[in-house]
2 protein chains.
Amino acid sequence: MLRPAAALLAVSLTLTPVLASKARADEGMWTFDNFPAARVNQTYGTRIDQAWLDRVRNASVRLTTGCSASLVSPEGLVLTNHHCIVGCAQDLSSAQTDYVAKGFLTRARTEEKQCPGMQAEILTSIADVTERVTGAGAGKSGQDFVRARDAETARIEAEGCGTDASLRCQVVSLYRGGQYKLYKYRKYADVRLAFAPEFQAAFFGGDPDNFSFPRYALDSAFVRLYENGRPIASPAYLPWNAEAPKENEPVFVSGNPGSTNRLQTVSQLQTLRDLVIPHQQLQRSELRGRLIRFSQESPENKRIATDPLFGVENSYKNYYGRMRFLADPAFFEGKRRAEAEVQSRIASRRNQISGDPWREIAEVQDDYAELYLPYTYVEGGGGGSSLYGYARTLVRGAQERAKPASQRLPEFSESRLPLIEKNLLDARPVEPELEELYLSFWLSKAREFLTADDPDTRLLLGRDSPDTLADRLVTGTRLADPAERARLWKGGLAAIQASQDPMIQYVLRTEGRGRELRRQWEQRVTAPTDRASEQIAKAQFLAYGDDVYPDATFTLRLSYGKIAGWTERGRRIPAFTYIKGLYERATGQEPFELAPRWAAARTRVKGDTVFDMASTNDIIGGNSGSPLINARGEVIGAVFDSNLAALGGAYGYVGETNRSVTVSTAAITEALRTVYDQPQLVRELTGGRRATR
Amino acid sequence: MLRPAAALLAVSLTLTPVLASKARADEGMWTFDNFPAARVNQTYGTRIDQAWLDRVRNASVRLTTGCSASLVSPEGLVLTNHHCIVGCAQDLSSAQTDYVAKGFLTRARTEEKQCPGMQAEILTSIADVTERVTGAGAGKSGQDFVRARDAETARIEAEGCGTDASLRCQVVSLYRGGQYKLYKYRKYADVRLAFAPEFQAAFFGGDPDNFSFPRYALDSAFVRLYENGRPIASPAYLPWNAEAPKENEPVFVSGNPGSTNRLQTVSQLQTLRDLVIPHQQLQRSELRGRLIRFSQESPENKRIATDPLFGVENSYKNYYGRMRFLADPAFFEGKRRAEAEVQSRIASRRNQISGDPWREIAEVQDDYAELYLPYTYVEGGGGGSSLYGYARTLVRGAQERAKPASQRLPEFSESRLPLIEKNLLDARPVEPELEELYLSFWLSKAREFLTADDPDTRLLLGRDSPDTLADRLVTGTRLADPAERARLWKGGLAAIQASQDPMIQYVLRTEGRGRELRRQWEQRVTAPTDRASEQIAKAQFLAYGDDVYPDATFTLRLSYGKIAGWTERGRRIPAFTYIKGLYERATGQEPFELAPRWAAARTRVKGDTVFDMASTNDIIGGNSGSPLINARGEVIGAVFDSNLAALGGAYGYVGETNRSVTVSTAAITEALRTVYDQPQLVRELTGGRRATR
């Protein structure tokens, strides 16, 4: 299990991704309406057809908390990652009952508990609306361009789903404006936690092992979809196959990759490399330090900060990999060549492209750099404070709902309101100490990066210090109470304006400047970028036809690949780990400590069960919880991570080394049966259809 | 006092330094034996001659704690910055007596207190030893090359100072190996604190105002040099002029700039930009977060963490500026042009340069990147823990002292031992909680960056977690006791090997691997870099003669310039601030809170006294505490900072905007008289020679 020295550092220096604009090998996060089934069938000897694709799509679940999942029983049972529901487990816990540390086990469905703010969505149809959206912006520029498209988008969504509260409609921009599609979802707003292992078992190895492999994490959990207080009937589920796959077996990932930047231009990636990522990483790193020390102050602090700290550390490590990847000059040389290749291929059809979109985007970068910090700190403020977030939603929501639908900010369009309301009004704990930490941190960073005498710093801070202001806002607000939030939401603009709540008043005082910065951002950054990106997408289609996949947008995609290890600095990393390896790796010291149930089960559990496994699928954050599916359409695991080499996956895919990491259904089944004593879940999953190991 | 938005960010994007290899305008950190007096006299109408240079040099003081200073009275009184003695004030304080927060005032010299570990040094002569040093390495490579030069250096230093304990000899590499000079110093090992203002007054505006201007900080303090228990006689002092200079008046800075990278090659600077600085900044940022939260836990934690936190924040902001500077592609284009210019100028004499030193250095960078992390974490370990540092000095010191002088590591050469001993044996407080924080932080970062399964991580951690190991080492060690350190130092290798102290044993267990990594580093990085750098320096001399200055090396340099404001994004920044501005800027909230003495003196203090001022002098960290000197050779202030634009000063000087920031003797005098009631100091400084304001 030794990995070579300095692996985290070295990884991106030694590998350069294939950067031809045409996808190669197992690259690609393909939309379900443009999946290269013929190529895959030819390469892997599979028989993927439209029926297969429809079955998988109908069983694929998006969780609005930023994850993917899959239906795995006819009674609404959904498999996802533990790290996708750890926020829910945290929300359901208290100082007395800690479902994060102890796990969440049920004996009967009546013990399943609703997850605040979580909604599950299943994609039911895709329709092309490109002409309507691009037509709305035609001949317009700047703010007019942005608003006209937003208004058309809102109309399309409203028409698409009508008043059916069980549906959600979403217009998705694909290929950075090359296509617009209306995605229609069946939604489920009552999602209940059914099973969660202990944090210690789900995240064994903690941050040190994160994004690495070999790995021994049971990063899996189950939720169940309810309607009218009862589990839904879900005939379109993925059959559970508790037998581990073989090396080189073809496998598929159906899920919602969050965001990639593969179609961005050299100048956009330079801005990320030189400005955005360093700024965010430095900030994340300090927040991490504050949270680590906060956690050490008391067991209760540790309990409430576990999930936030995990989130920060996960992003930090992820973006550290991205930094290293972008620091490689060979990557940028490859990008430049790829841009030149597109332009050369379309040289004779250049008149079909308006302007010089690559240059136009390069010219936007100065405005981007100038506006980035104030836009981030004022319009993007709050530092992750829930109370600030509630206040912001209440204030903006009241202002926007008072306008006609066509004039609203897109995030308050009619089709978005139900989820906004759910997130705002669902009861969940608010931790005042953490709230103060977040607010004070945000304000101190705003002062640092904008500088102390900047008018925006003065607007945000007045004559206060970050600590005193954070303390006053958190101590004085009543927004931790869902009833108060409901009162203000229902009361609309009048209630907001009459409110004496200091957080509401603070947001009222500062959000006008936020709107102004957003106006500038849309005028000077969003609009020219979107216009030019649309032309670049057009150029790509001209050059390569439809054999390209769009950047990730947290919408459903299908990735293909195979179970495979890889070679790292001359050393062979195997594709599988086994349960016995967990016991070998345990040191007794956090985060290499066995959860007590696992320690107790040591002699009973089958050590040669495949635990985690690596595959070549092209995935990224947002895919967490996605089913790993075999050629027969059965679920064989839940994808939960990628290896270090794949951390540059936002920018490119390197077939030789990029690997997804999945917890196997074999391990989950064995754990449910032997470690957690959950026979009812095992029965529901296996249903007698297939003998499990 | 409004500064433009996003100044910290924008500063390096909008300015590109003059990068011709020949110094321009007020650029240059000149050695005293190659000061361009003729050019300066012509430009500024001054009369700088050898006598002037000798007078200034004889009054210029280097503090071994990393600062500069100057003799300002005939009785050994030395002016420096508060931030140069804050560590001393901290060491002299306790939970009961806080000289950092309250200031350190004396009524009589008997109240002056010795600063642990501080030694003052005055440069008395410079001699060229280039041929001896380069001759020793001739025909050698790798480790042999490094060791041969180290041995010759040790011999030169031993011969230069003999057994005279009042002298210190140091061979200095200038122009990155283009010259070697023997610097001989008169040293003073008994340095006592005489006056320090409150941290709040010295560092008014705190981190938000750091590296910015206008500024209102009394960043000044006095120490006194003692010998045989009495203040020294110091006839060669700088006369105190308490009258502020005028705009455009020529001014000089005599001090010890610590380190610059202006003569480094493009490939070396890319390694800094892409690897070293991002890594260090991310680490610093997390440590900052841990220390901030640590400080908030109790008043005593705040007291002991004030100075460490200041240090981390200062470095962080400094290197953030450097990151921004290096992110500018125009800078690297300029560097490439400058390298090409040198090569083109010497084209006909290229046979005088051996090999292609630019290419050779570029080829070293892969080895640099490969070794950087393990070398940093193992050989450069300890994370700033004093206890670890003591153990390391004891172990290595015992091992090295057992060897013949010519075979020792250079840091344990005979000429260095007295200062090592002083630092090791002087009593100073050790704070166990901070020690654990540092050690645990270091170990956690080592595990993170080397990865959990790396053999070096396993060597450092064993099966421990960072927290448990740090706790065991700090709890078990007796090295906080100076008597125990003295016992082990005197006992030599036998005492070390017999010691049961867990910190000693830990260092014994890990330092062998440190030596091995160091051997590799010297072999693969230091030696080829030094050999090639020597050739590049030769090329520079061939191209430009002696009208070039060496990179900073924390040795005495003279900078010239003038009092001047600057224009930033169309806004004029004046050269001076006045005491009244302090009161206008105070908000009552930390760090914009008046020290109580200043609040009380509000109506008595002369508000129109110049407080801080900006000048064009080319300086960098290490220059802190340097006297600002007028054309007559009088001291008119203590340099304590530079502006944001100068943060890229390690790589280049931009005359239009780079500014040094100095606290005026006018403000110090007024403060001593009116705020701190220190008539004895005012008398000693002004001595009746000159009427002060």
# chains A, B, ... in the order shown; residues from 1 in each chain; ligands from 1

$ select_by_dssp --residues "stretch 431-485 of chain A" --states "alpha helix (DSSP H)" --output "NGL selection string"
:A and (432-450 or 455-461 or 466-476 or 482-485)

$ write_last_selection --atoms "N, CA and C atoms" --output "compact mmCIF listing (two decimals), in the first residue's frame"
# COMPACT_ATOMS: atom_id res chain seq x y z
N PRO A 432 -24.87 29.02 16.54
CA PRO A 432 -24.45 30.43 16.61
C PRO A 432 -22.93 30.61 16.58
N GLU A 433 -22.19 29.72 17.23
CA GLU A 433 -20.73 29.88 17.26
C GLU A 433 -20.13 29.75 15.87
N LEU A 434 -20.64 28.79 15.13
CA LEU A 434 -20.16 28.62 13.76
C LEU A 434 -20.59 29.78 12.89
N GLU A 435 -21.80 30.24 13.12
CA GLU A 435 -22.30 31.39 12.34
C GLU A 435 -21.39 32.59 12.53
N GLU A 436 -21.01 32.84 13.77
CA GLU A 436 -20.12 33.98 14.02
C GLU A 436 -18.77 33.77 13.36
N LEU A 437 -18.29 32.55 13.44
CA LEU A 437 -17.00 32.25 12.80
C LEU A 437 -17.07 32.56 11.30
N TYR A 438 -18.13 32.10 10.64
CA TYR A 438 -18.23 32.31 9.19
C TYR A 438 -18.34 33.80 8.85
N LEU A 439 -19.22 34.48 9.58
CA LEU A 439 -19.44 35.90 9.26
C LEU A 439 -18.18 36.71 9.51
N SER A 440 -17.55 36.49 10.64
CA SER A 440 -16.35 37.25 10.96
C SER A 440 -15.25 36.95 9.95
N PHE A 441 -15.15 35.70 9.55
CA PHE A 441 -14.14 35.33 8.57
C PHE A 441 -14.39 36.04 7.23
N TRP A 442 -15.63 36.00 6.78
CA TRP A 442 -15.97 36.68 5.53
C TRP A 442 -15.61 38.16 5.60
N LEU A 443 -16.02 38.81 6.67
CA LEU A 443 -15.78 40.26 6.78
C LEU A 443 -14.29 40.57 6.87
N SER A 444 -13.55 39.72 7.56
CA SER A 444 -12.11 39.99 7.67
C SER A 444 -11.42 39.79 6.33
N LYS A 445 -11.86 38.81 5.55
CA LYS A 445 -11.27 38.60 4.23
C LYS A 445 -11.67 39.72 3.27
N ALA A 446 -12.91 40.18 3.40
CA ALA A 446 -13.33 41.31 2.55
C ALA A 446 -12.44 42.52 2.83
N ARG A 447 -12.21 42.80 4.10
CA ARG A 447 -11.36 43.94 4.44
C ARG A 447 -9.93 43.72 3.93
N GLU A 448 -9.47 42.49 4.06
CA GLU A 448 -8.10 42.22 3.63
C GLU A 448 -7.93 42.39 2.12
N PHE A 449 -8.82 41.81 1.35
CA PHE A 449 -8.61 41.82 -0.11
C PHE A 449 -9.10 43.09 -0.77
N LEU A 450 -10.15 43.70 -0.21
CA LEU A 450 -10.59 44.97 -0.79
C LEU A 450 -9.76 46.13 -0.23
N PRO A 455 -14.43 51.72 -0.29
CA PRO A 455 -15.84 52.02 0.04
C PRO A 455 -16.65 50.76 0.30
N ASP A 456 -16.34 49.68 -0.40
CA ASP A 456 -17.10 48.45 -0.16
C ASP A 456 -16.79 47.87 1.22
N THR A 457 -15.54 47.95 1.63
CA THR A 457 -15.20 47.51 2.99
C THR A 457 -15.96 48.35 4.00
N ARG A 458 -15.99 49.63 3.77
CA ARG A 458 -16.71 50.51 4.72
C ARG A 458 -18.20 50.24 4.72
N LEU A 459 -18.73 49.92 3.56
CA LEU A 459 -20.15 49.57 3.50
C LEU A 459 -20.41 48.31 4.33
N LEU A 460 -19.56 47.33 4.17
CA LEU A 460 -19.78 46.05 4.86
C LEU A 460 -19.54 46.15 6.35
N LEU A 461 -18.52 46.91 6.74
CA LEU A 461 -18.08 46.91 8.15
C LEU A 461 -18.52 48.14 8.94
N PRO A 466 -14.70 42.99 12.29
CA PRO A 466 -15.42 41.78 11.85
C PRO A 466 -16.05 41.01 13.03
N ASP A 467 -15.30 40.90 14.12
CA ASP A 467 -15.82 40.14 15.26
C ASP A 467 -17.03 40.81 15.91
N THR A 468 -16.95 42.11 16.14
CA THR A 468 -18.07 42.77 16.83
C THR A 468 -19.31 42.76 15.96
N LEU A 469 -19.14 42.98 14.67
CA LEU A 469 -20.31 42.99 13.79
C LEU A 469 -20.93 41.59 13.71
N ALA A 470 -20.09 40.58 13.55
CA ALA A 470 -20.61 39.21 13.48
C ALA A 470 -21.37 38.86 14.75
N ASP A 471 -20.80 39.23 15.87
CA ASP A 471 -21.44 38.94 17.15
C ASP A 471 -22.80 39.64 17.25
N ARG A 472 -22.84 40.91 16.85
CA ARG A 472 -24.10 41.65 16.97
C ARG A 472 -25.18 41.05 16.07
N LEU A 473 -24.80 40.71 14.86
CA LEU A 473 -25.80 40.17 13.93
C LEU A 473 -26.33 38.82 14.39
N VAL A 474 -25.44 37.95 14.83
CA VAL A 474 -25.87 36.60 15.22
C VAL A 474 -26.66 36.63 16.52
N THR A 475 -26.20 37.46 17.44
CA THR A 475 -26.90 37.55 18.72
C THR A 475 -28.29 38.15 18.55
N GLY A 476 -28.40 39.10 17.65
CA GLY A 476 -29.66 39.84 17.55
C GLY A 476 -30.72 39.24 16.66
N PRO A 482 -37.65 28.85 12.32
CA PRO A 482 -38.33 28.69 11.03
C PRO A 482 -39.66 29.44 10.98
N ALA A 483 -40.30 29.58 12.12
CA ALA A 483 -41.58 30.28 12.12
C ALA A 483 -41.38 31.76 11.77
N GLU A 484 -40.30 32.33 12.27
CA GLU A 484 -40.02 33.72 11.95
C GLU A 484 -39.68 33.86 10.47
N ARG A 485 -38.95 32.91 9.93
CA ARG A 485 -38.64 32.95 8.50
C ARG A 485 -39.93 32.84 7.67

$ interface_residues --of "chain B" --to "chain A" --cutoff "6 Å" --atoms "only C-alpha atoms" --output "list in words"
Leu2, Arg3, Ala5, Ala6, Pro208, Asp274, Leu282, Ser285, Glu286, Gly289, Arg290, Arg293, Ala327, Glu448, Leu450, Ala452, Asp453, Asp454, Arg463, Ser465, Thr587 and Gln589 of chain B

$ write_last_selection --atoms "N, CA, C and O atoms" --output "PDB file, in the first residue's frame"
ATOM      1  N   LEU B   2      -9.083  57.626   1.324  1.00  0.00           N
ATOM      2  CA  LEU B   2      -9.627  56.480   0.600  1.00  0.00           C
ATOM      3  C   LEU B   2      -8.612  55.950  -0.397  1.00  0.00           C
ATOM      4  O   LEU B   2      -8.011  56.702  -1.139  1.00  0.00           O
ATOM      5  N   ARG B   3      -8.456  54.687  -0.376  1.00  0.00           N
ATOM      6  CA  ARG B   3      -7.641  54.099  -1.424  1.00  0.00           C
ATOM      7  C   ARG B   3      -8.545  53.365  -2.404  1.00  0.00           C
ATOM      8  O   ARG B   3      -9.639  52.946  -2.039  1.00  0.00           O
ATOM      9  N   ALA B   5     -10.410  50.746  -4.844  1.00  0.00           N
ATOM     10  CA  ALA B   5     -10.872  49.372  -4.606  1.00  0.00           C
ATOM     11  C   ALA B   5      -9.837  48.372  -5.096  1.00  0.00           C
ATOM     12  O   ALA B   5      -9.138  48.605  -6.063  1.00  0.00           O
ATOM     13  N   ALA B   6      -9.816  47.266  -4.418  1.00  0.00           N
ATOM     14  CA  ALA B   6      -9.031  46.115  -4.882  1.00  0.00           C
ATOM     15  C   ALA B   6      -7.574  46.463  -5.111  1.00  0.00           C
ATOM     16  O   ALA B   6      -6.914  45.923  -5.973  1.00  0.00           O
ATOM     17  N   PRO B 208      -4.693  44.964   8.606  1.00  0.00           N
ATOM     18  CA  PRO B 208      -5.349  45.672   7.489  1.00  0.00           C
ATOM     19  C   PRO B 208      -4.509  46.827   6.942  1.00  0.00           C
ATOM     20  O   PRO B 208      -4.529  47.097   5.745  1.00  0.00           O
ATOM     21  N   ASP B 274       5.283  28.731  -9.251  1.00  0.00           N
ATOM     22  CA  ASP B 274       4.376  27.601  -9.457  1.00  0.00           C
ATOM     23  C   ASP B 274       4.413  26.586  -8.325  1.00  0.00           C
ATOM     24  O   ASP B 274       3.491  25.809  -8.170  1.00  0.00           O
ATOM     25  N   LEU B 282      -0.232  28.622   1.119  1.00  0.00           N
ATOM     26  CA  LEU B 282      -1.366  27.817   1.575  1.00  0.00           C
ATOM     27  C   LEU B 282      -1.132  27.354   3.004  1.00  0.00           C
ATOM     28  O   LEU B 282      -2.037  27.349   3.836  1.00  0.00           O
ATOM     29  N   SER B 285      -1.446  30.238   5.418  1.00  0.00           N
ATOM     30  CA  SER B 285      -2.824  30.669   5.557  1.00  0.00           C
ATOM     31  C   SER B 285      -3.559  29.784   6.564  1.00  0.00           C
ATOM     32  O   SER B 285      -4.335  30.274   7.394  1.00  0.00           O
ATOM     33  N   GLU B 286      -3.312  28.498   6.506  1.00  0.00           N
ATOM     34  CA  GLU B 286      -3.954  27.628   7.490  1.00  0.00           C
ATOM     35  C   GLU B 286      -3.405  27.885   8.883  1.00  0.00           C
ATOM     36  O   GLU B 286      -4.159  27.949   9.861  1.00  0.00           O
ATOM     37  N   GLY B 289      -5.047  30.787  10.320  1.00  0.00           N
ATOM     38  CA  GLY B 289      -6.385  30.478  10.819  1.00  0.00           C
ATOM     39  C   GLY B 289      -6.339  29.796  12.176  1.00  0.00           C
ATOM     40  O   GLY B 289      -7.109  30.118  13.077  1.00  0.00           O
ATOM     41  N   ARG B 290      -5.398  28.870  12.330  1.00  0.00           N
ATOM     42  CA  ARG B 290      -5.299  28.186  13.625  1.00  0.00           C
ATOM     43  C   ARG B 290      -4.904  29.174  14.721  1.00  0.00           C
ATOM     44  O   ARG B 290      -5.434  29.130  15.831  1.00  0.00           O
ATOM     45  N   ARG B 293      -7.833  31.602  15.703  1.00  0.00           N
ATOM     46  CA  ARG B 293      -8.801  30.970  16.596  1.00  0.00           C
ATOM     47  C   ARG B 293      -8.176  30.708  17.981  1.00  0.00           C
ATOM     48  O   ARG B 293      -8.817  30.919  18.996  1.00  0.00           O
ATOM     49  N   ALA B 327       2.421  36.597 -11.105  1.00  0.00           N
ATOM     50  CA  ALA B 327       1.348  36.127 -11.986  1.00  0.00           C
ATOM     51  C   ALA B 327       1.252  36.969 -13.255  1.00  0.00           C
ATOM     52  O   ALA B 327       0.528  36.613 -14.183  1.00  0.00           O
ATOM     53  N   GLU B 448      -0.030  15.512   4.773  1.00  0.00           N
ATOM     54  CA  GLU B 448      -0.878  15.931   3.654  1.00  0.00           C
ATOM     55  C   GLU B 448      -0.093  15.999   2.346  1.00  0.00           C
ATOM     56  O   GLU B 448      -0.530  15.483   1.321  1.00  0.00           O
ATOM     57  N   LEU B 450       3.158  14.989   1.657  1.00  0.00           N
ATOM     58  CA  LEU B 450       3.934  13.798   1.267  1.00  0.00           C
ATOM     59  C   LEU B 450       3.002  12.615   0.999  1.00  0.00           C
ATOM     60  O   LEU B 450       3.420  11.658   0.360  1.00  0.00           O
ATOM     61  N   ALA B 452      -0.124  10.026   2.998  1.00  0.00           N
ATOM     62  CA  ALA B 452      -0.133   9.249   4.240  1.00  0.00           C
ATOM     63  C   ALA B 452       0.791   8.039   4.211  1.00  0.00           C
ATOM     64  O   ALA B 452       1.337   7.654   5.244  1.00  0.00           O
ATOM     65  N   ASP B 453       0.963   7.430   3.045  1.00  0.00           N
ATOM     66  CA  ASP B 453       1.739   6.190   2.997  1.00  0.00           C
ATOM     67  C   ASP B 453       3.185   6.394   2.607  1.00  0.00           C
ATOM     68  O   ASP B 453       3.931   5.416   2.448  1.00  0.00           O
ATOM     69  N   ASP B 454       3.587   7.627   2.433  1.00  0.00           N
ATOM     70  CA  ASP B 454       4.970   7.893   2.065  1.00  0.00           C
ATOM     71  C   ASP B 454       5.916   7.455   3.194  1.00  0.00           C
ATOM     72  O   ASP B 454       5.615   7.653   4.375  1.00  0.00           O
ATOM     73  N   ARG B 463       2.880   5.371  13.918  1.00  0.00           N
ATOM     74  CA  ARG B 463       1.447   5.102  13.896  1.00  0.00           C
ATOM     75  C   ARG B 463       0.671   6.150  14.682  1.00  0.00           C
ATOM     76  O   ARG B 463      -0.511   5.984  14.976  1.00  0.00           O
ATOM     77  N   SER B 465      -0.996   9.974  15.469  1.00  0.00           N
ATOM     78  CA  SER B 465      -1.592  11.100  14.761  1.00  0.00           C
ATOM     79  C   SER B 465      -0.752  12.333  15.087  1.00  0.00           C
ATOM     80  O   SER B 465      -0.019  12.356  16.078  1.00  0.00           O
ATOM     81  N   THR B 587     -11.130  54.116  15.271  1.00  0.00           N
ATOM     82  CA  THR B 587     -12.567  53.808  15.353  1.00  0.00           C
ATOM     83  C   THR B 587     -12.965  53.304  16.730  1.00  0.00           C
ATOM     84  O   THR B 587     -14.149  53.161  17.020  1.00  0.00           O
ATOM     85  N   GLN B 589     -12.323  50.332  17.542  1.00  0.00           N
ATOM     86  CA  GLN B 589     -12.361  48.874  17.369  1.00  0.00           C
ATOM     87  C   GLN B 589     -10.980  48.391  16.929  1.00  0.00           C
ATOM     88  O   GLN B 589     -10.380  48.961  16.030  1.00  0.00           O
TER      89      GLN B 589
END

$ closest_residue --among "B:Ala614, B:Ala340, B:Ile504, B:Val72" --to "B:Leu681" --atoms "only C-alpha atoms"
B:Val72

$ residues_around --residues "stretch 83-93 of chain B" --least-positions-apart "2" --cutoff "9 Å" --atoms "only C-alpha atoms" --output "PyMOL selection string"
chain B and resi 63+65-68+80-81+95-100+103-104+113-118+193+196+199+202-203+219-223+303-304+306-308+427-430+624-625+640

$ select_by_dssp --residues "stretch 172-340 of chain B" --states "strand (DSSP E)" --output "JSON, numbers by chain"
{"B": [172, 173, 174, 179, 180, 181, 182, 183, 184, 185, 186, 187, 188, 190, 191, 192, 193, 194, 195, 221, 222, 223, 224, 225, 226, 227, 230, 231, 250, 251, 252, 253, 254, 255]}

$ residues_around --residues "A:Gly142" --least-positions-apart "5" --cutoff "7 Å" --atoms "only C-alpha atoms" --output "VMD selection string"
chain A and resid 522 to 524 527 to 528

$ closest_residue --among "B:Ala539, B:Ala601, B:Ala189, B:Leu417" --to "B:Asn351" --atoms "only C-alpha atoms"
B:Ala539

$ residues_around --residues "B:Asp551" --least-positions-apart "4" --cutoff "10 Å" --atoms "only C-alpha atoms" --output "PyMOL selection string"
chain B and resi 28-30+173-176+257-264+650-651

$ atom_distance --atom1 "atom CA of B:Gln143" --atom2 "atom CA of B:Trp358"
20.9 Å

$ atom_distance --atom1 "atom CA of B:Ala101" --atom2 "atom CA of B:Leu647"
28.2 Å

$ atom_distance --atom1 "atom CA of A:Glu360" --atom2 "atom CA of A:Ala532"
6.6 Å
